[in-house]
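Only one structure is covered here, and it is reproduced in the block below.
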Amino acid sequence: MKHKLLVGAGVLAAGFIGAAAHAADKTVTIKLSYWVPPTHKLTPGYKEWAASVEKESHGTIKTKLFPSSQLGSGTDHYDMVKRGVAEMGLINPGYTAGRFPIIGASDLPFMISDSLPAARALTRWYAKYAPKEMKSHVVCHVFTHDLASIHTVKKQIRVPSDVKGLNIRSANETMSKFVTSLGGNPVQVPIMEAKDTLRKGITDGITVTLDGVSERSTFKFGEVVKYTLDIPLYVSTFTHGINRKFYDGLSAAQRRVIDDHCTPEWSAKVYKYWYEDAKANQIDARKNLKDHHWYKPTAAETAMWRKAAQPVYAEWHAAVNKAGYDSDKVLKELKDALAKEHALF
């Protein structure tokens, strides 16, 4: 009984100390900007993160969400956060060609086998490189979308040569290079406009998550594409960046709260709603999507896809070495981090 009273008193004292540490802090609001709609399953992750930050800062750090590109387009989000248009934002590094070569490693084909544990691995791995590669940001989380492939409107893709001559909406810089190496024509348009380009015949296909064709998904690409290459070809990587000037302007107690919420564990927590939704949507699409064709490559065909990806790897190595890093070391560190989380393809 005495032990329980002592523990209770300790918890109470810690609460008072925490409250006292924040007592003189000014209240600040984080404008968290993202370019997908509020119905997207990142939103509940953001709300959970924001509620915990507010609670642990004793109400001195609040967060307001700005979905649907209200503050700027997806391609602008890194610089928006850099300039302070938003204090925090959803960044797709692959939207800006050549700017962030190191983090592009996780976008390489056949790299990640399970995107949820990969969120922990990527956040842990990139912490070493983020202060230099994204020096205008405090990189809070790193994660990807779920496993993705190529979906087409009129033609089933089976082997790499089938991509030749097709206009493919590519998800990021790496996939643009991959499509180009296969003889296709990469087209980059914002994800919210991609369905319209497919419908109008401007593009013949799209690289997107395997669940993106589901009627339950945010994008419902299954209404226009009819064929899916059923292979976990790639992922796209995202970061949550915080404006460095904003972060530096917080009190020491407030910075500790942010640091405690910018961890590998929180990266997976914020992402898990999207991950779980993607898995459910994929099951739904495979079961209920009518007149949709899923092609599973044979072992020999999968080997062809792996071989076809080698020029993309070579280009990544060259870019990272040019930036002054040892690309072999960077890639080994990433693979080791993924392997520890059982997320390496």
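Here's how to read the names in the structure tokens: chain A, B, ... by the order shown, residue numbers from 1 in each chain, ligand numbers from 1 in the order shown.
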Just list as a PyMOL selection string whatever in range 94-340 of chain A DSSP marks as strand (DSSP E or B). chain A and resi 112+137-144+148-152+167-169+185-187+205-209+227-229+234+237-243+293-295
Within 9 Å of range 275-277 of chain A, counting only C-alpha atoms, which residues qualify if same-chain residues fewer than 5 places away don't, as a ChimeraX atom specification? /A:41,115-116,145-146,211,216-217,282
As an exercise, work out the distance from CA of Ala303 in chain A to CA of Ile231 in chain A in Å and give it to one decimal place. 11.7 Å
Please report, as a Markdown table, each residue of range 158-248 of chain A lying at most 12 Å from range 30-35 of chain A, together with the nearest pair of atoms and the separation in Å rounded to one decimal; use only C-alpha atoms, and order rows by chain and ascending residue number.
```
| residue | atom | partner | partner_atom | distance |
| --- | --- | --- | --- | --- |
| A:Pro190 | CA | A:Trp35 | CA | 9.3 |
| A:Ile191 | CA | A:Trp35 | CA | 9.2 |
| A:Met192 | CA | A:Trp35 | CA | 8.7 |
| A:Glu193 | CA | A:Trp35 | CA | 11.8 |
| A:Phe238 | CA | A:Tyr34 | CA | 11.1 |
| A:Thr239 | CA | A:Tyr34 | CA | 11.1 |
| A:His240 | CA | A:Leu32 | CA | 9.2 |
| A:Gly241 | CA | A:Leu32 | CA | 9.5 |
| A:Ile242 | CA | A:Leu32 | CA | 8.9 |
| A:Asn243 | CA | A:Ile30 | CA | 9.7 |
| A:Phe246 | CA | A:Ile30 | CA | 9.0 |
| A:Tyr247 | CA | A:Ile30 | CA | 10.1 |
```
Any chance you could export the current selection's C-alpha atoms as a PDB file, in the first residue's frame?
```pdb
ATOM      1  CA  PRO A 190      -1.089  15.798 -59.042  1.00  0.00           C
ATOM      2  CA  ILE A 191      -2.757  12.665 -57.711  1.00  0.00           C
ATOM      3  CA  MET A 192      -6.106  14.459 -57.457  1.00  0.00           C
ATOM      4  CA  GLU A 193      -6.013  15.145 -61.227  1.00  0.00           C
ATOM      5  CA  PHE A 238       6.774  10.856 -47.527  1.00  0.00           C
ATOM      6  CA  THR A 239       8.047  12.987 -44.700  1.00  0.00           C
ATOM      7  CA  HIS A 240       6.388  15.244 -42.187  1.00  0.00           C
ATOM      8  CA  GLY A 241       8.572  18.320 -42.040  1.00  0.00           C
ATOM      9  CA  ILE A 242       8.425  21.042 -39.382  1.00  0.00           C
ATOM     10  CA  ASN A 243       9.634  24.577 -40.087  1.00  0.00           C
ATOM     11  CA  PHE A 246       9.256  27.608 -35.706  1.00  0.00           C
ATOM     12  CA  TYR A 247      10.818  24.641 -33.889  1.00  0.00           C
TER      13      TYR A 247
END
```
So that I can see what lies close to Pro101 in chain A, please list as an mmCIF file with N, CA, C and O atoms, in the first residue's frame the residues with an atom at most 12 Å from it, counting only C-alpha atoms and leaving out residues fewer than 2 positions away in the same chain.
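For reference, out34.cif as written:
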```cif
data_model
loop_
_atom_site.group_PDB
_atom_site.id
_atom_site.type_symbol
_atom_site.label_atom_id
_atom_site.label_comp_id
_atom_site.auth_asym_id
_atom_site.auth_seq_id
_atom_site.Cartn_x
_atom_site.Cartn_y
_atom_site.Cartn_z
ATOM 1 N N PRO A 93 9.167 13.791 -51.266
ATOM 2 C CA PRO A 93 10.455 14.223 -51.809
ATOM 3 C C PRO A 93 10.615 13.913 -53.292
ATOM 4 O O PRO A 93 11.316 14.617 -54.009
ATOM 5 N N GLY A 94 9.945 12.846 -53.760
ATOM 6 C CA GLY A 94 10.050 12.449 -55.156
ATOM 7 C C GLY A 94 9.344 13.374 -56.116
ATOM 8 O O GLY A 94 9.463 13.218 -57.339
ATOM 9 N N TYR A 95 8.588 14.342 -55.593
ATOM 10 C CA TYR A 95 7.930 15.316 -56.467
ATOM 11 C C TYR A 95 8.926 16.318 -57.053
ATOM 12 O O TYR A 95 8.608 17.012 -58.015
ATOM 13 N N THR A 96 10.090 16.455 -56.434
ATOM 14 C CA THR A 96 11.072 17.445 -56.882
ATOM 15 C C THR A 96 12.337 16.718 -57.331
ATOM 16 O O THR A 96 13.163 16.337 -56.507
ATOM 17 N N ALA A 97 12.468 16.561 -58.634
ATOM 18 C CA ALA A 97 13.538 15.746 -59.214
ATOM 19 C C ALA A 97 14.923 16.235 -58.815
ATOM 20 O O ALA A 97 15.236 17.419 -58.936
ATOM 21 N N GLY A 98 15.745 15.293 -58.318
ATOM 22 C CA GLY A 98 17.136 15.557 -58.042
ATOM 23 C C GLY A 98 17.444 16.290 -56.747
ATOM 24 O O GLY A 98 18.606 16.454 -56.390
ATOM 25 N N ARG A 99 16.422 16.712 -56.022
ATOM 26 C CA ARG A 99 16.649 17.568 -54.870
ATOM 27 C C ARG A 99 17.042 16.786 -53.618
ATOM 28 O O ARG A 99 17.830 17.269 -52.805
ATOM 29 N N ILE A 103 17.040 10.166 -49.674
ATOM 30 C CA ILE A 103 15.770 9.565 -49.273
ATOM 31 C C ILE A 103 15.103 8.827 -50.429
ATOM 32 O O ILE A 103 14.250 7.962 -50.227
ATOM 33 N N GLY A 104 15.561 9.111 -51.650
ATOM 34 C CA GLY A 104 15.049 8.388 -52.807
ATOM 35 C C GLY A 104 15.366 6.909 -52.784
ATOM 36 O O GLY A 104 14.785 6.128 -53.542
ATOM 37 N N ALA A 105 16.267 6.484 -51.900
ATOM 38 C CA ALA A 105 16.607 5.060 -51.795
ATOM 39 C C ALA A 105 15.393 4.204 -51.483
ATOM 40 O O ALA A 105 15.249 3.091 -51.983
ATOM 41 N N SER A 106 14.502 4.725 -50.641
ATOM 42 C CA SER A 106 13.346 3.910 -50.250
ATOM 43 C C SER A 106 12.299 3.830 -51.351
ATOM 44 O O SER A 106 11.385 3.001 -51.285
ATOM 45 N N ASP A 107 12.418 4.691 -52.382
ATOM 46 C CA ASP A 107 11.517 4.624 -53.531
ATOM 47 C C ASP A 107 11.983 3.614 -54.579
ATOM 48 O O ASP A 107 11.263 3.344 -55.539
ATOM 49 N N LEU A 108 13.185 3.082 -54.419
ATOM 50 C CA LEU A 108 13.708 2.150 -55.418
ATOM 51 C C LEU A 108 12.834 0.898 -55.504
ATOM 52 O O LEU A 108 12.317 0.415 -54.491
ATOM 53 N N TYR A 126 16.776 7.614 -41.612
ATOM 54 C CA TYR A 126 16.958 8.927 -42.240
ATOM 55 C C TYR A 126 17.371 10.002 -41.239
ATOM 56 O O TYR A 126 17.865 11.065 -41.641
ATOM 57 N N TYR A 129 20.690 11.509 -41.931
ATOM 58 C CA TYR A 129 20.901 12.293 -43.152
ATOM 59 C C TYR A 129 20.000 13.509 -43.281
ATOM 60 O O TYR A 129 20.325 14.453 -44.005
ATOM 61 N N ALA A 130 18.876 13.492 -42.593
ATOM 62 C CA ALA A 130 17.890 14.570 -42.735
ATOM 63 C C ALA A 130 18.445 15.960 -42.427
ATOM 64 O O ALA A 130 18.135 16.913 -43.149
ATOM 65 N N LYS A 132 21.126 17.366 -43.028
ATOM 66 C CA LYS A 132 21.861 17.939 -44.150
ATOM 67 C C LYS A 132 21.024 17.985 -45.419
ATOM 68 O O LYS A 132 20.995 18.997 -46.120
ATOM 69 N N GLU A 133 20.319 16.889 -45.707
ATOM 70 C CA GLU A 133 19.563 16.842 -46.965
ATOM 71 C C GLU A 133 18.310 17.712 -46.910
ATOM 72 O O GLU A 133 17.908 18.294 -47.926
ATOM 73 N N MET A 134 17.677 17.804 -45.748
ATOM 74 C CA MET A 134 16.484 18.644 -45.586
ATOM 75 C C MET A 134 16.723 19.634 -44.453
ATOM 76 O O MET A 134 15.971 19.690 -43.476
ATOM 77 N N GLU A 173 9.877 10.770 -58.745
ATOM 78 C CA GLU A 173 11.043 10.853 -59.621
ATOM 79 C C GLU A 173 11.565 9.467 -60.000
ATOM 80 O O GLU A 173 11.889 9.206 -61.164
ATOM 81 N N THR A 174 11.645 8.568 -59.038
ATOM 82 C CA THR A 174 12.187 7.240 -59.293
ATOM 83 C C THR A 174 11.341 6.473 -60.293
ATOM 84 O O THR A 174 11.868 5.846 -61.223
ATOM 85 N N THR A 237 7.753 7.534 -50.917
ATOM 86 C CA THR A 237 8.140 7.939 -49.570
ATOM 87 C C THR A 237 7.642 9.347 -49.260
ATOM 88 O O THR A 237 7.613 10.220 -50.130
ATOM 89 N N TYR A 313 18.570 1.805 -60.225
ATOM 90 C CA TYR A 313 19.497 1.710 -59.094
ATOM 91 C C TYR A 313 20.823 2.396 -59.437
ATOM 92 O O TYR A 313 21.387 3.133 -58.612
ATOM 93 N N GLU A 315 21.387 4.778 -61.533
ATOM 94 C CA GLU A 315 21.207 6.232 -61.569
ATOM 95 C C GLU A 315 21.143 6.805 -60.152
ATOM 96 O O GLU A 315 21.672 7.881 -59.883
ATOM 97 N N TRP A 316 20.467 6.080 -59.244
ATOM 98 C CA TRP A 316 20.402 6.530 -57.852
ATOM 99 C C TRP A 316 21.807 6.552 -57.238
ATOM 100 O O TRP A 316 22.183 7.529 -56.576
ATOM 101 N N HIS A 317 22.581 5.499 -57.435
ATOM 102 C CA HIS A 317 23.945 5.450 -56.903
ATOM 103 C C HIS A 317 24.755 6.647 -57.397
ATOM 104 O O HIS A 317 25.467 7.297 -56.614
ATOM 105 N N ALA A 318 24.641 6.951 -58.678
ATOM 106 C CA ALA A 318 25.405 8.055 -59.259
ATOM 107 C C ALA A 318 25.009 9.392 -58.630
ATOM 108 O O ALA A 318 25.872 10.226 -58.323
ATOM 109 N N ALA A 319 23.707 9.588 -58.427
ATOM 110 C CA ALA A 319 23.220 10.853 -57.853
ATOM 111 C C ALA A 319 23.686 11.029 -56.419
ATOM 112 O O ALA A 319 24.083 12.128 -56.003
ATOM 113 N N VAL A 320 23.658 9.952 -55.628
ATOM 114 C CA VAL A 320 24.056 10.030 -54.224
ATOM 115 C C VAL A 320 25.563 10.235 -54.103
ATOM 116 O O VAL A 320 26.032 11.030 -53.280
ATOM 117 N N ASN A 321 26.330 9.543 -54.935
ATOM 118 C CA ASN A 321 27.781 9.735 -54.926
ATOM 119 C C ASN A 321 28.148 11.165 -55.332
ATOM 120 O O ASN A 321 29.047 11.779 -54.747
ATOM 121 N N LYS A 322 27.437 11.691 -56.308
ATOM 122 C CA LYS A 322 27.675 13.062 -56.761
ATOM 123 C C LYS A 322 27.385 14.072 -55.648
ATOM 124 O O LYS A 322 28.034 15.119 -55.552
ATOM 125 N N ALA A 323 26.408 13.751 -54.814
ATOM 126 C CA ALA A 323 26.058 14.643 -53.701
ATOM 127 C C ALA A 323 27.060 14.561 -52.548
ATOM 128 O O ALA A 323 26.942 15.293 -51.565
ATOM 129 N N GLY A 324 28.043 13.668 -52.674
ATOM 130 C CA GLY A 324 29.105 13.601 -51.671
ATOM 131 C C GLY A 324 28.965 12.506 -50.641
ATOM 132 O O GLY A 324 29.641 12.526 -49.598
ATOM 133 N N TYR A 325 28.121 11.524 -50.912
ATOM 134 C CA TYR A 325 27.918 10.422 -49.979
ATOM 135 C C TYR A 325 28.419 9.117 -50.587
ATOM 136 O O TYR A 325 28.603 9.000 -51.805
ATOM 137 N N ASP A 326 28.608 8.128 -49.747
ATOM 138 C CA ASP A 326 28.953 6.782 -50.193
ATOM 139 C C ASP A 326 27.643 6.025 -50.387
ATOM 140 O O ASP A 326 27.018 5.586 -49.424
ATOM 141 N N SER A 327 27.227 5.885 -51.643
ATOM 142 C CA SER A 327 25.910 5.310 -51.918
ATOM 143 C C SER A 327 25.792 3.864 -51.453
ATOM 144 O O SER A 327 24.720 3.439 -51.008
ATOM 145 N N VAL A 330 25.074 4.069 -47.760
ATOM 146 C CA VAL A 330 23.718 4.564 -47.521
ATOM 147 C C VAL A 330 22.702 3.451 -47.748
ATOM 148 O O VAL A 330 21.792 3.232 -46.936
ATOM 149 N N LEU A 331 22.865 2.725 -48.859
ATOM 150 C CA LEU A 331 21.905 1.669 -49.191
ATOM 151 C C LEU A 331 21.997 0.513 -48.205
ATOM 152 O O LEU A 331 20.970 -0.054 -47.813
#
```
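Between CA of Gly205 in chain A and CA of Ser176 in chain A the separation is 12.6 Å.
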Any idea what's packed within 7 Å of Pro160 in chain A, counting only C-alpha atoms, ignoring anything in its chain fewer than 4 positions away? Could you give it as number ranges by chain? A: 182, 305, 308
Which residues come within 9 Å of range 341-343 of chain A, counting only C-alpha atoms, excluding same-chain residues fewer than 5 positions away, as a ChimeraX atom specification? /A:111-118,120-121,335-336
Okay, now the selection with C-alpha atoms, as a PDB file, in the first residue's frame?
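Produced file result_12.pdb, reproduced below:
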```
ATOM      1  CA  MET A 111      12.915  -2.361 -51.641  1.00  0.00           C
ATOM      2  CA  ILE A 112      10.095  -2.645 -49.073  1.00  0.00           C
ATOM      3  CA  SER A 113       7.915  -5.650 -48.279  1.00  0.00           C
ATOM      4  CA  ASP A 114       5.721  -4.229 -45.493  1.00  0.00           C
ATOM      5  CA  SER A 115       5.119  -0.503 -45.244  1.00  0.00           C
ATOM      6  CA  LEU A 116       3.988  -0.296 -41.602  1.00  0.00           C
ATOM      7  CA  PRO A 117       7.189  -1.537 -39.914  1.00  0.00           C
ATOM      8  CA  ALA A 118       9.080   0.245 -42.690  1.00  0.00           C
ATOM      9  CA  ARG A 120       9.815   2.899 -38.089  1.00  0.00           C
ATOM     10  CA  ALA A 121      12.866   1.761 -40.039  1.00  0.00           C
ATOM     11  CA  LYS A 335      18.549  -2.335 -45.946  1.00  0.00           C
ATOM     12  CA  ASP A 336      19.870  -3.159 -42.473  1.00  0.00           C
TER      13      ASP A 336
END
```
Considering only C-alpha atoms, state which residue in the set A:Phe143, A:Glu301, A:Gln310, A:Ile91 is at the smallest distance from Arg124 in chain A. A:Phe143
Give me, as a list in words, all polymer residues having an atom no more than 9 Å from Lys47 in chain A, counting only C-alpha atoms and skipping those fewer than 6 positions away in the same chain.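 The filter keeps Thr63, Leu65 and Val270 of chain A.
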